[in-house]
Structures are given as structure tokens and as C-alpha cells.
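Here's the structure, in C-alpha cells; my notes come after.
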Amino acid sequence: MGYRHRRFGRGAHGSALEEGAWTAGPSCVRRKRESHEVLNLTSVFFISASGCVRTLTVMARIKQASPAQRRRAAASRRDAAVEQLGAITAAIAVTTIAAVGALGVYVAKALPGHHAAPASGATSASNNPGNAGAAAGSGSSLNPPSSSPQGASLPAPVTSGSS
Amino acid sequence: MPLGSPVAIQPVFRTRALGTIAELFVTEPAALFGAAELLEAELDRIDRIASRFRSDSELTTLNAAAGREVVVSADLLDAVGVALSMAEATDGLVDPTVGASMIRLGYDKDFAEVAGGRAGTLPSRQAVPGWRCVSVDRTAQTVFLPHGTSLDLGATAKALTADRAARVIHELLGCGALVSLGGDVSVAGPAPTTGFAIGIADACTSTDADEAVAISSGGLASSGVGVRHWRLGNSEVHHIVDPSTGLSAETCWRTVTTVAGSCVEANTAATAAVVLGEPALAWLESLSLPARLVRADGTVRHTEGWPGDHSDHGPLPLVAR
């Protein structure tokens with residue numbers, strides 16, 4: 001009943017609010033434009049019973065920043081940028097180290113004769129061919145018999161030769 | 001029958017296995033049946049594990065998975081470990097990574113199917129990948145072969161089986177045992193007082209041995225080029241591959257027989273001697289391995305420790321390979 005017209009919206013540049021709702025006095029319009037120039041604030045607009053356009057500035061008062069504040073803001077932005085740059089550099093370094101490691105493992109497996117050090121319990125042939133030789137009574141060497149062969153008379157029950 | 005009695009041992013079991021003849025002798029007749037069962041179990045096990053010609057063998061699966069780690073059975077892990085140990089002991093003269101070379105030479109199926117000859121041409125020289133590229137993780141029980149690497153355990157698996165079977169028969173049955181797999185002989189346990197007599201011939205199937213020796217422990221084995229050979233196109237090739245060329249070894253020896261602490265070691269030494277050629281005499285002497293080497297023309301040479309009169313010995317060539 002009290003409102004002739006009512007619209008809600010965000011006070012962004014060139015928004016729908018400016019196209020259909022700005023029928024009130026010039027002071028209101030001027031204040032709204034100032035706020036856009038300085039802070040681009042979020043606002044709610046309505047037309048009161050008296051016919052005047054009202055603006056509720058949601059976030060803050062409009063205020064011109066002082067040189068000192070601008071310096072502080074610039075310093076703050078600079079510090080943030082430096083910090084961000086440091087984080088990016090660290091991430092690149094970690095990624096590079098990981099990639100080089102992964103490439104090393106891949107190349108080690110791909111090239112015959114070059115193998116990455118295996119995990120605990122693992123042995124490469126060049127280091128330890130396995131202990132199965134022990135099961136056969138031998139290591140990585142050719143051992144002579146514990147007793148020398150003796151001459152025997154023919155015929156023998158079994159024959160050794162090429163097979 | 002008391003152990004170690006000077007009576008002749010009796011054959012108790014003879015069968016075809018691993019592409020050759022398996023023979024078993026024990027010192028106690030009462031142990032015959034059990035010993036034969038134990039040997040058959042060992043033969044079946046190694047065939048399922050290490051055959052290159054069975055599509056369902058573990059070795060076939062491992063070779064097909066080159067490029068990634070494969071979890072294998074404890075038996076295959078042992079067989080690969082022994083092969084690598086022997087490669088190290090011979091400085092790569094006997095190398096299990098000759099699988100691809102064997103296939104290039106046409107030996108890609110059971111020898112009975114290869115013996116008639118294969119079509120094709122002799123491949124170019126190409127060294128095998130080398131045993132050092134094989135990785136074994138005993139804790140995780142895995143084996144890693146690089147891409148393009150294929151194992152052939154023919155030089156050690158048969159002898160390893162002979163060693164295992166003889167030892168198991170002795171340990172479980174208490175008797176002395178001799179196991180021969182195609183002339184790769186292993187003995188374990190109490191031997192007859194005169195030892196286990198073994199005839200030495202060019203071929204293990206020969207009934208006309210040239211001489212005989214007796215061993216009481218360890219193993220005796222022969223390697224040669226006179227039996228397992230075939231034609232590849234117009235070329236004559238055989239199964240003992242020189243790892244440095246990937247081709248059949250060009251050797252002056254027709255057959256080499258050695259005696260060592262185990263059958264695996266004896267067979268490895270014999271095969272390495274064939275690959276090494278003329279310097280093999282000095283090499284075997286340096287290892288104190290009794291050996292008998294037969295040249296292509298039939299001339300026989302012996303190393304120190306081989307029984308009998310060795311008047312054929314001349315100065316041994318000291319040639320490094």
C-alpha cells in the first residue's frame with residue numbers, strides 16, 4: 001500500500017535497476033553513482049511511501065581511501081603476490097623432482113642391464129642371482145667333486161654323452 | 001642289503017621324460033618302488049614349470065610377460081636362480097637368456113619335431129640380452145624380464161632335476177641313488193664301494209661306451225653337438241648357443257664330459273667348455289674339474305683328475321677368452 005513501485009536487485013554497473021527504477025531526485029542518483037565509482041557495493045533499492053527512492057547500502061559506507069591506506073593496500077597486495085609466487089615456485093620444484101624420479105624409474109626398467117635398486121628383499125641378477133644354487137649344492141661357482149672319479153670297467157649300467 | 005655293499009646296483013626305473021631318457025638306480029631293492037614314484041614326481045614338476053614347449057608351463061607364462069614383474073612358484077624361482085648362478089659362475093658362457101636365439105634358430109618346439117630340419121635362413125649375429133638383466137625378488141617371489149628377453153633353462157633345469165631327485169630319494173628312503181636324465185647324472189647317499197659306474201660315450205643312448213668312470217658323490221654330465229642338431233635352411237645348427245653371437249657355438253669340441261660337486265655344476269662346466277672352445281682345457285684345469293673332451297676328429301683330451309692314463313696331454317693352451 002505504501003509503495004508505488006518496488007524493485008530489488010544488485011547495484012552493478014548498467015544493471016536493470018538503472019533502466020527502470022531511477023525516477024527519483026538527482027541526489028539519490030548521484031550518491032548511487034559515487035558508490036559505484038568507489039566501491040561497487042551491493043545495494044538494495046526501494047521507493048518509499050513519500051515517493052523518494054531509497055538505497056540501503058549493505059556493505060559499507062562510501063569512503064575515499066587515503067594515500068597511506070592505498071600504500072598499505074599496495075604493500076598488502078605485493079606481499080600476497082610474493083607469497084603466491086613462492087608457493088607456485090615450490091609447487092613447480094616438487095613436481096619437477098617427482099617427475100625426474102618417475103622418469104628415472106621408468107628408464108631404469110626399460111634399459112636392459114640397468115635396473116633400479118629393488119625393494120627390501122629384492123635382488124637383481126647382477127647382485128645376487130638367487131640362493132637356489134644352494135639347494136642344488138652350489139653357489140655362484142663351479143666346485144670340484146668331493147672325491148675324485150675312479151676308473152671303472154665296462155659295461156656300466158648307465159651312459160653319459162650328448163643328449 | 002647293507003648300505004655300501006660291493007654288489008652291482010640294479011636299474012629300477014627307465015622312462016622317457018624331458019625329451020630324453022630318465023634312468024634310476026638305487027642301492028636297496030626294497031626302495032625301488034618309492035624311489036621311482038619320487039623321480040616321476042620330480043620329472044612331472046620340472047616339466048610343468050620349466051618347459052619352453054608347453055603352452056601351460058610357468059616358464060612360457062613368464063616369457064610371455066616380459067616387461068613386467070611376474071609372481072612365480074618357489075620351484076620356478078629356484079630354477080631361475082640356479083640358471084643365473086651358473087651364468088655368473090661361467091661369466092655368461094652359459095646364459096639362460098638365449099630363449100629368443102633358440103627360437104630364431106628354429107628350436108621352438110620339441111626336438112623330435114625340429115630334428116627333421118626347419119625352413120629359413122641363418123639369422124644374423126646378435127648377442128643375447130644377458131643374464132644380468134634378469135631380476136629376482138625372493139621376498140616377493142617375482143621375476144622380471146626386460147622386453148624382448150626370453151629364458152631357456154635347458155642348460156640347467158634337467159641337471160637340477162637330477163640333483164633334486166637323487167637327494168630326495170636318499171633323504172626320504174635312506175638308500176643310495178643315481179639319477180640320470182639324458183646322461184646328466186647325479187648321485188646321493190651311500191654309494192657302492194666301487195662307486196656308481198658310468199659309461200662315457202658320444203651319445204647317452206649309445207650302447208658302446210668308450211670308457212667308464214665311477215663317482216661316489218656329486219654329479220657327472222656331458223654336453224655336445226653330436227645329437228641335438230638340425231638343418232635350418234642350408235645351414236647346420238645345434239642347441240648350444242654362444243651368448244655373444246646368439247648363434248650355435250662354433251666349437252672344436254664334439255663332446256665334453258665333466259665331474260663336479262653337483263650335476264648342475266658338471267653340466268654347466270661341460271656346456272661352457274663347448275662354448276669356450278680351445279681354451280676350455282685350461283679353464284677346466286683352473287677350476288680343478290676332472291673332464292674328458294672329444295674333438296670333432298675324435299681326438300680325446302683329459303684334464304687333471306680324470307682317471308686313467310693321460311699320455312695324450314700336451315701343453316695346455318693358456319688363452320683367455
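Note on naming: chains are A, B, ... as they come in the C-alpha cells, residues start from 1 per chain, ligands start from 1 in the order shown.
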
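Once Gly298 of chain B and its same-chain neighbours fewer than 6 positions away are set aside, Asp202, Trp253, Arg254 and Thr255 of chain B remain within 10 Å of it when counting only C-alpha atoms.
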
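Taking only C-alpha atoms, the non-local environment of Ile103 of chain B within 10 Å (same-chain residues fewer than 5 positions away omitted) comprises Val98, Asp108, Lys109, Ser150 and Asp152 of chain B.
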
For the residues in that selection, give me N, CA and C atoms as a CSV table (one decimal), in the first residue's frame.
chain,number,residue,atom,x,y,z
B,98,VAL,N,69.0,-67.1,-23.6
B,98,VAL,CA,69.2,-67.5,-25.0
B,98,VAL,C,67.9,-67.9,-25.6
B,108,ASP,N,61.9,-74.1,-31.6
B,108,ASP,CA,60.8,-73.6,-30.9
B,108,ASP,C,59.7,-74.6,-30.6
B,109,LYS,N,60.1,-75.8,-30.8
B,109,LYS,CA,59.2,-76.9,-30.4
B,109,LYS,C,60.0,-78.1,-30.0
B,150,SER,N,63.8,-63.7,-23.3
B,150,SER,CA,63.1,-64.9,-23.1
B,150,SER,C,64.1,-66.0,-22.5
B,152,ASP,N,65.6,-69.7,-21.5
B,152,ASP,CA,65.6,-71.1,-21.8
B,152,ASP,C,66.5,-71.7,-20.7

Fill in: Nearby residues (only C-alpha atoms) at most 7 Å from Asp184 of chain B, same-chain spacing under 4 positions excluded, as number ranges by chain
A: 160; B: 159, 180, 220-222, 263, 267

Those residues with C-alpha atoms, as an mmCIF file, in the first residue's frame please?
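Listing of selection-v4.cif after writing:
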data_model
loop_
_atom_site.group_PDB
_atom_site.id
_atom_site.type_symbol
_atom_site.label_atom_id
_atom_site.label_comp_id
_atom_site.auth_asym_id
_atom_site.auth_seq_id
_atom_site.Cartn_x
_atom_site.Cartn_y
_atom_site.Cartn_z
ATOM 1 C CA SER A 160 76.650 -90.281 -20.221
ATOM 2 C CA ALA B 159 70.584 -81.357 -14.228
ATOM 3 C CA SER B 180 70.464 -89.989 -14.974
ATOM 4 C CA LEU B 220 78.768 -86.080 -13.928
ATOM 5 C CA ALA B 221 77.406 -84.610 -17.135
ATOM 6 C CA SER B 222 78.126 -84.366 -20.833
ATOM 7 C CA CYS B 263 75.129 -82.383 -11.663
ATOM 8 C CA ASN B 267 76.603 -79.822 -16.865
#

Item to complete: Any chance you could list, as an MDAnalysis selection string, the residues in segment 155-242 of chain B that come up alpha helix (DSSP H) when DSSP is run on the backbone?
Response: chainID B and resid 157:173

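Distances from B:Val274, B:Ala296, B:Ala212, B:Leu18 to chain A were compared using only C-alpha atoms, and the smallest one belongs to B:Ala212.
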
Discussion item. Report, in Å with one decimal, the straight-line distance from atom CA of Thr90 of chain B to atom CA of Thr149 of chain B.
Written reply: 19.8 Å

Worksheet entry | Shell around Leu142 of chain A at 8 Å using only C-alpha atoms, local window under 5 positions removed, as a list in words |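 My list of contacting residues is Met86, Ala89, Ala260, Gly261, Glu265, Ala266, Ala269 and Leu287 of chain B.
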
Those residues with C-alpha atoms, as a PDB file, in the first residue's frame please?
ATOM      1  CA  MET B  86      75.575 -70.751 -13.235  1.00  0.00           C
ATOM      2  CA  ALA B  89      79.920 -68.789 -12.392  1.00  0.00           C
ATOM      3  CA  ALA B 260      81.752 -81.702 -10.303  1.00  0.00           C
ATOM      4  CA  GLY B 261      80.187 -81.167  -6.900  1.00  0.00           C
ATOM      5  CA  GLU B 265      77.791 -77.665 -11.958  1.00  0.00           C
ATOM      6  CA  ALA B 266      79.059 -80.549 -14.065  1.00  0.00           C
ATOM      7  CA  ALA B 269      81.023 -76.684 -16.950  1.00  0.00           C
ATOM      8  CA  LEU B 287      88.736 -74.990 -11.704  1.00  0.00           C
TER       9      LEU B 287
END
